$ cat my_file10.cif   # mmCIF, C-alpha atoms and all ligand atoms
data_run
loop_
_atom_site.group_PDB
_atom_site.id
_atom_site.type_symbol
_atom_site.label_atom_id
_atom_site.label_comp_id
_atom_site.auth_asym_id
_atom_site.auth_seq_id
_atom_site.Cartn_x
_atom_site.Cartn_y
_atom_site.Cartn_z
ATOM 1 C CA MET A 1 83.170 130.816 101.532
ATOM 2 C CA ASP A 2 82.052 129.967 105.073
ATOM 3 C CA ILE A 3 81.691 126.366 106.162
ATOM 4 C CA GLN A 4 78.783 125.713 108.523
ATOM 5 C CA LEU A 5 78.040 122.497 110.385
ATOM 6 C CA ASN A 6 74.783 122.180 112.298
ATOM 7 C CA GLY A 7 74.114 119.147 114.497
ATOM 8 C CA VAL A 8 76.158 116.819 112.298
ATOM 9 C CA SER A 9 76.135 113.136 113.286
ATOM 10 C CA LYS A 10 77.481 110.060 111.523
ATOM 11 C CA SER A 11 77.480 106.395 112.530
ATOM 12 C CA PHE A 12 79.101 103.350 110.973
ATOM 13 C CA GLY A 13 76.826 100.471 111.917
ATOM 14 C CA ASP A 14 76.237 100.837 115.641
ATOM 15 C CA GLN A 15 79.385 102.958 116.107
ATOM 16 C CA LEU A 16 78.784 106.664 116.512
ATOM 17 C CA ALA A 17 81.793 108.353 114.874
ATOM 18 C CA ILE A 18 80.524 111.978 114.848
ATOM 19 C CA ASP A 19 78.137 113.111 117.576
ATOM 20 C CA HIS A 20 76.229 116.364 117.032
ATOM 21 C CA VAL A 21 79.008 118.627 115.808
ATOM 22 C CA ASP A 22 78.325 122.340 115.352
ATOM 23 C CA PHE A 23 80.822 124.901 114.130
ATOM 24 C CA THR A 24 81.413 127.630 111.593
ATOM 25 C CA ILE A 25 84.670 128.288 109.783
ATOM 26 C CA ASN A 26 84.727 131.794 108.383
ATOM 27 C CA SER A 27 86.001 132.534 104.913
ATOM 28 C CA GLY A 28 89.755 133.156 105.023
ATOM 29 C CA ASP A 29 90.246 131.274 108.290
ATOM 30 C CA ILE A 30 92.531 128.296 108.834
ATOM 31 C CA CYS A 31 90.951 125.687 111.100
ATOM 32 C CA CYS A 32 92.768 122.664 112.558
ATOM 33 C CA LEU A 33 91.129 119.483 113.830
ATOM 34 C CA LEU A 34 93.088 117.973 116.694
ATOM 35 C CA GLY A 35 92.114 114.681 118.312
ATOM 36 C CA PRO A 36 93.335 111.181 119.109
ATOM 37 C CA SER A 37 93.486 108.467 116.487
ATOM 38 C CA GLY A 38 89.995 107.227 115.709
ATOM 39 C CA SER A 39 88.264 110.339 117.089
ATOM 40 C CA GLY A 40 86.642 111.158 113.755
ATOM 41 C CA LYS A 41 88.823 113.802 112.059
ATOM 42 C CA THR A 42 88.935 112.044 108.681
ATOM 43 C CA THR A 43 85.226 111.237 108.896
ATOM 44 C CA LEU A 44 84.428 114.896 109.548
ATOM 45 C CA ILE A 45 86.525 115.984 106.558
ATOM 46 C CA ARG A 46 84.849 113.380 104.329
ATOM 47 C CA LEU A 47 81.464 114.712 105.459
ATOM 48 C CA MET A 48 82.509 118.300 104.718
ATOM 49 C CA ILE A 49 83.758 117.533 101.196
ATOM 50 C CA GLY A 50 80.584 115.549 100.519
ATOM 51 C CA ALA A 51 82.216 112.125 100.156
ATOM 52 C CA LEU A 52 79.925 110.932 102.951
ATOM 53 C CA ALA A 53 76.337 111.901 103.698
ATOM 54 C CA THR A 54 75.373 112.913 107.247
ATOM 55 C CA ASP A 55 72.888 110.810 109.233
ATOM 56 C CA ASN A 56 71.610 113.940 110.959
ATOM 57 C CA GLY A 57 72.312 117.636 110.688
ATOM 58 C CA SER A 58 73.496 119.714 107.778
ATOM 59 C CA ILE A 59 76.672 121.000 106.191
ATOM 60 C CA GLN A 60 76.854 124.103 104.045
ATOM 61 C CA ILE A 61 79.776 125.533 102.130
ATOM 62 C CA GLY A 62 78.863 129.071 101.198
ATOM 63 C CA GLU A 63 75.206 128.820 100.168
ATOM 64 C CA THR A 64 75.578 125.226 98.959
ATOM 65 C CA VAL A 65 74.182 122.331 100.964
ATOM 66 C CA MET A 66 76.560 119.372 100.896
ATOM 67 C CA PRO A 67 76.961 116.828 99.387
ATOM 68 C CA ASN A 68 76.934 118.614 96.022
ATOM 69 C CA MET A 69 78.797 117.513 92.894
ATOM 70 C CA HIS A 70 79.208 121.046 91.523
ATOM 71 C CA MET A 71 80.962 122.109 94.709
ATOM 72 C CA LEU A 72 83.863 119.753 93.897
ATOM 73 C CA HIS A 73 85.262 122.396 91.523
ATOM 74 C CA ASN A 74 85.621 124.736 94.508
ATOM 75 C CA ILE A 75 87.115 122.147 96.869
ATOM 76 C CA GLY A 76 90.675 120.864 97.097
ATOM 77 C CA PHE A 77 91.238 117.691 99.099
ATOM 78 C CA MET A 78 94.442 116.004 100.192
ATOM 79 C CA PRO A 79 93.488 112.593 101.607
ATOM 80 C CA GLN A 80 95.205 110.946 104.574
ATOM 81 C CA ASN A 81 96.162 107.948 102.443
ATOM 82 C CA ASP A 82 97.056 109.368 99.093
ATOM 83 C CA GLY A 83 94.937 108.305 96.130
ATOM 84 C CA LEU A 84 97.796 108.443 93.634
ATOM 85 C CA TYR A 85 98.338 106.081 90.716
ATOM 86 C CA ASP A 86 101.620 104.233 91.315
ATOM 87 C CA ASP A 87 102.016 103.205 87.670
ATOM 88 C CA LEU A 88 101.850 106.795 86.438
ATOM 89 C CA SER A 89 104.453 109.551 86.650
ATOM 90 C CA ALA A 90 103.894 112.622 88.829
ATOM 91 C CA GLU A 91 103.049 114.578 85.697
ATOM 92 C CA ALA A 92 100.565 111.966 84.446
ATOM 93 C CA ASN A 93 98.848 111.885 87.858
ATOM 94 C CA LEU A 94 98.435 115.671 87.694
ATOM 95 C CA GLU A 95 97.116 115.417 84.124
ATOM 96 C CA PHE A 96 94.616 112.732 85.170
ATOM 97 C CA PHE A 97 93.269 114.632 88.180
ATOM 98 C CA GLY A 98 93.368 117.906 86.239
ATOM 99 C CA SER A 99 91.192 116.404 83.513
ATOM 100 C CA ILE A 100 88.430 115.854 86.097
ATOM 101 C CA TYR A 101 88.270 119.618 86.624
ATOM 102 C CA LYS A 102 87.931 120.277 82.883
ATOM 103 C CA LEU A 103 90.744 122.828 82.757
ATOM 104 C CA SER A 104 91.791 123.736 79.215
ATOM 105 C CA LYS A 105 94.930 121.972 77.963
ATOM 106 C CA THR A 106 96.980 125.184 78.121
ATOM 107 C CA THR A 107 95.767 126.158 81.595
ATOM 108 C CA LEU A 108 96.343 122.628 82.883
ATOM 109 C CA GLN A 109 99.937 122.502 81.595
ATOM 110 C CA GLN A 110 100.601 125.932 83.074
ATOM 111 C CA ARG A 111 99.134 124.953 86.452
ATOM 112 C CA ILE A 112 101.081 121.649 86.463
ATOM 113 C CA THR A 113 104.320 123.594 86.025
ATOM 114 C CA GLU A 114 103.319 126.014 88.809
ATOM 115 C CA VAL A 115 102.285 123.398 91.383
ATOM 116 C CA LEU A 116 105.304 121.172 90.686
ATOM 117 C CA THR A 117 107.534 124.191 91.367
ATOM 118 C CA LEU A 118 105.605 124.992 94.551
ATOM 119 C CA VAL A 119 106.037 121.478 96.010
ATOM 120 C CA ASP A 120 109.577 121.189 94.630
ATOM 121 C CA LEU A 121 108.964 118.161 92.400
ATOM 122 C CA THR A 122 109.899 119.649 89.032
ATOM 123 C CA ALA A 123 112.985 117.445 88.679
ATOM 124 C CA ASP A 124 110.893 114.342 89.485
ATOM 125 C CA ARG A 125 107.931 115.073 87.218
ATOM 126 C CA LYS A 126 108.662 112.137 84.861
ATOM 127 C CA LYS A 127 109.368 109.649 87.669
ATOM 128 C CA LEU A 128 106.832 106.894 88.411
ATOM 129 C CA VAL A 129 105.008 107.472 91.692
ATOM 130 C CA ARG A 130 105.860 103.885 92.759
ATOM 131 C CA ASN A 131 109.460 105.113 93.097
ATOM 132 C CA PHE A 132 108.502 108.150 95.200
ATOM 133 C CA SER A 133 109.306 108.470 98.907
ATOM 134 C CA GLY A 134 106.438 108.957 101.385
ATOM 135 C CA GLY A 135 107.102 112.687 101.640
ATOM 136 C CA MET A 136 107.262 113.063 97.862
ATOM 137 C CA LYS A 137 103.859 111.349 97.560
ATOM 138 C CA LYS A 138 102.412 113.715 100.160
ATOM 139 C CA ARG A 139 103.824 116.710 98.267
ATOM 140 C CA LEU A 140 102.333 115.416 95.003
ATOM 141 C CA SER A 141 98.959 114.951 96.772
ATOM 142 C CA LEU A 142 99.176 118.569 97.898
ATOM 143 C CA ALA A 143 99.971 119.659 94.335
ATOM 144 C CA ILE A 144 96.868 117.805 93.102
ATOM 145 C CA ALA A 145 94.705 119.368 95.837
ATOM 146 C CA ILE A 146 95.597 122.920 94.751
ATOM 147 C CA LEU A 147 95.833 122.267 90.994
ATOM 148 C CA HIS A 148 92.435 123.802 90.148
ATOM 149 C CA GLN A 149 92.874 126.778 92.537
ATOM 150 C CA PRO A 150 89.976 125.822 94.812
ATOM 151 C CA ASP A 151 88.352 128.310 97.205
ATOM 152 C CA VAL A 152 88.338 125.795 100.056
ATOM 153 C CA LEU A 153 91.199 123.450 100.878
ATOM 154 C CA PHE A 154 90.927 120.340 103.080
ATOM 155 C CA LEU A 155 94.197 118.718 104.136
ATOM 156 C CA ASP A 156 94.055 115.437 106.079
ATOM 157 C CA GLU A 157 97.243 114.994 108.153
ATOM 158 C CA PRO A 158 99.214 117.758 106.377
ATOM 159 C CA THR A 159 102.072 117.578 108.894
ATOM 160 C CA VAL A 160 103.046 114.114 107.603
HETATM 161 N N1 LIG A 201 84.072 103.505 106.338
HETATM 162 C C1 LIG A 201 84.056 103.183 107.634
HETATM 163 N N2 LIG A 201 83.404 102.081 108.055
HETATM 164 C C2 LIG A 201 83.346 101.767 109.353
HETATM 165 N N3 LIG A 201 83.922 102.485 110.324
HETATM 166 C C3 LIG A 201 84.581 103.584 109.978
HETATM 167 C C4 LIG A 201 84.690 103.997 108.608
HETATM 168 N N4 LIG A 201 85.404 105.148 108.558
HETATM 169 C C5 LIG A 201 85.731 105.434 109.827
HETATM 170 N N5 LIG A 201 85.232 104.514 110.689
HETATM 171 C C6 LIG A 201 85.376 104.515 112.152
HETATM 172 O O1 LIG A 201 85.072 105.818 112.631
HETATM 173 C C7 LIG A 201 85.973 106.184 113.672
HETATM 174 C C8 LIG A 201 86.659 107.483 113.296
HETATM 175 O O2 LIG A 201 87.597 107.225 112.235
HETATM 176 P P1 LIG A 201 88.406 108.384 111.531
HETATM 177 O O3 LIG A 201 89.145 107.756 110.401
HETATM 178 O O4 LIG A 201 87.479 109.497 111.208
HETATM 179 O O5 LIG A 201 89.386 108.850 112.703
HETATM 180 P P2 LIG A 201 90.628 109.863 112.687
HETATM 181 O O6 LIG A 201 90.375 110.854 113.788
HETATM 182 O O7 LIG A 201 90.814 110.410 111.319
HETATM 183 O O8 LIG A 201 91.841 108.915 113.094
HETATM 184 P P3 LIG A 201 93.412 108.979 112.678
HETATM 185 O O9 LIG A 201 94.019 110.083 113.509
HETATM 186 O O10 LIG A 201 93.932 107.641 113.057
HETATM 187 O O11 LIG A 201 93.494 109.237 111.211
HETATM 188 C C9 LIG A 201 86.925 105.010 113.864
HETATM 189 O O12 LIG A 201 86.458 104.239 114.954
HETATM 190 C C10 LIG A 201 86.806 104.230 112.568
HETATM 191 O O13 LIG A 201 86.994 102.851 112.756
HETATM 192 MG MG MG A 202 92.341 110.311 109.952
#

$ encode --input "my_file10.cif" --output "structure tokens" --more "lines below"
Ligand SMILES: Nc1ncnc2c1ncn2[C@@H]1O[C@H](COP(=O)(O)OP(=O)(O)OP(=O)(O)O)[C@@H](O)[C@H]1O
Ligand SMILES: [Mg+2]
Amino acid sequence: MDIQLNGVSKSFGDQLAIDHVDFTINSGDICCLLGPSGSGKTTLIRLMIGALATDNGSIQIGETVMPNMHMLHNIGFMPQNDGLYDDLSAEANLEFFGSIYKLSKTTLQQRITEVLTLVDLTADRKKLVRNFSGGMKKRLSLAIAILHQPDVLFLDEPTV
């Protein structure tokens, strides 16, 4: 699915965070946003996933104009500051986020096993997230982002 941005702008109060951005990311491509702290990378990602509405311009993923609730099933998102539940285990976090995507119980358990293997957290699946290191939390966030096998993946600060 292509991602198309046309004349996208976004302000917070009187601060212009995104100023007329145009680009297309073709299906299958990997695109990196590079820029200084505060330059608007996270804001642009939040606009693309539909967590924020644009002030001007339009964003389309495939044929779908964003924001669009149904598109969330096709989007994986790893936030900059992870949105994990500290009081739950890695496994329970995956079960919680997986339930949002309405995967069947069998598929969900199978995917949880697969993604935990991929991010090398199988041995820590029962551990509470509050006892995770920073890198372990980031790996769990990645596991959650790919749990439902989305077509489009957004990773905010993946190199952390
Ligand atoms: N919800 C918000 N309310 C007000 N201002 C905001 C909000 N979100 C972002 N901003 C402002 O928009 C600008 C861009 O922030 P953003 O988080 O997109 O930058 P960034 O490029 O991701 O930075 P970093 O590399 O530090 O993560 C900043 O000046 C920030 O203060
Ligand atoms: Mg950011």

$ closest_atom_pairs --input "my_file10.cif" --of "chain A" --to "ligand LIG 201 (chain A)" --cutoff "6 Å" --atoms "all atoms listed in the file" --output "Markdown table"
| residue | atom | partner | partner_atom | distance |
| --- | --- | --- | --- | --- |
| A:Phe12 | CA | A:LIG201 | C2 | 4.8 |
| A:Ala17 | CA | A:LIG201 | O1 | 4.7 |
| A:Pro36 | CA | A:LIG201 | O9 | 5.7 |
| A:Ser37 | CA | A:LIG201 | O9 | 3.4 |
| A:Gly38 | CA | A:LIG201 | O5 | 3.5 |
| A:Ser39 | CA | A:LIG201 | O6 | 4.0 |
| A:Gly40 | CA | A:LIG201 | O4 | 3.2 |
| A:Lys41 | CA | A:LIG201 | O6 | 3.8 |
| A:Thr42 | CA | A:LIG201 | O7 | 3.6 |
| A:Thr43 | CA | A:LIG201 | O4 | 3.7 |

$ resolve_selection --input "my_file10.cif" --expression "the PyMOL selection byres (((chain A and resi 111) around 10) and not hetatm)" --output "PyMOL selection string"
chain A and resi 94+98+103+105-110+112-117+143+146-149

$ resolve_selection --input "my_file10.cif" --expression "the PyMOL selection byres (((chain A and resi 80) around 8) and not hetatm)" --output "number ranges by chain"
A: 42, 78-79, 81-82, 155-157

$ atom_distance --input "my_file10.cif" --atom1 "CA of Gly7 in chain A" --atom2 "CA of Leu72 in chain A"
22.8 Å

$ closest_residue --input "my_file10.cif" --among "A:Leu16, A:Leu33, A:Ile25, A:Leu140" --to "ligand MG 202 (chain A)" --atoms "only C-alpha atoms and all ligand atoms"
A:Leu33

$ closest_residue --input "my_file10.cif" --among "A:Met136, A:Leu142, A:Leu84, A:Ile100" --to "His70 in chain A" --atoms "all atoms listed in the file"
A:Ile100

$ closest_residue --input "my_file10.cif" --among "A:Ile59, A:Ile75, A:Leu44, A:Ile144" --to "ligand MG 202 (chain A)" --atoms "all atoms listed in the file"
A:Leu44

$ atom_distance --input "my_file10.cif" --atom1 "CA of Asn68 in chain A" --atom2 "CA of Ile18 in chain A"
20.3 Å

$ closest_residue --input "my_file10.cif" --among "A:Asp14, A:Leu34, A:Met66, A:Phe132" --to "ligand MG 202 (chain A)" --atoms "all atoms listed in the file"
A:Leu34

$ residues_around --input "my_file10.cif" --residues "Ala92 in chain A" --least-positions-apart "3" --cutoff "10 Å" --atoms "all atoms listed in the file" --output "PyMOL selection string"
chain A and resi 85+87-89+95-98+112+125-129

$ atom_distance --input "my_file10.cif" --atom1 "CA of Ala90 in chain A" --atom2 "CA of Pro158 in chain A"
18.9 Å

$ resolve_selection --input "my_file10.cif" --expression "the PyMOL selection byres (((chain A and resi 26) around 10) and not hetatm)" --output "short mmCIF file (atom, residue, chain, number, x, y, z; two decimals) with C-alpha atoms, keeping the file's coordinate frame"
data_model
loop_
_atom_site.label_atom_id
_atom_site.label_comp_id
_atom_site.auth_asym_id
_atom_site.auth_seq_id
_atom_site.Cartn_x
_atom_site.Cartn_y
_atom_site.Cartn_z
CA MET A 1 83.17 130.82 101.53
CA ASP A 2 82.05 129.97 105.07
CA ILE A 3 81.69 126.37 106.16
CA GLN A 4 78.78 125.71 108.52
CA PHE A 23 80.82 124.90 114.13
CA THR A 24 81.41 127.63 111.59
CA ILE A 25 84.67 128.29 109.78
CA SER A 27 86.00 132.53 104.91
CA GLY A 28 89.76 133.16 105.02
CA ASP A 29 90.25 131.27 108.29
CA ILE A 30 92.53 128.30 108.83
CA CYS A 31 90.95 125.69 111.10
CA GLY A 62 78.86 129.07 101.20
#
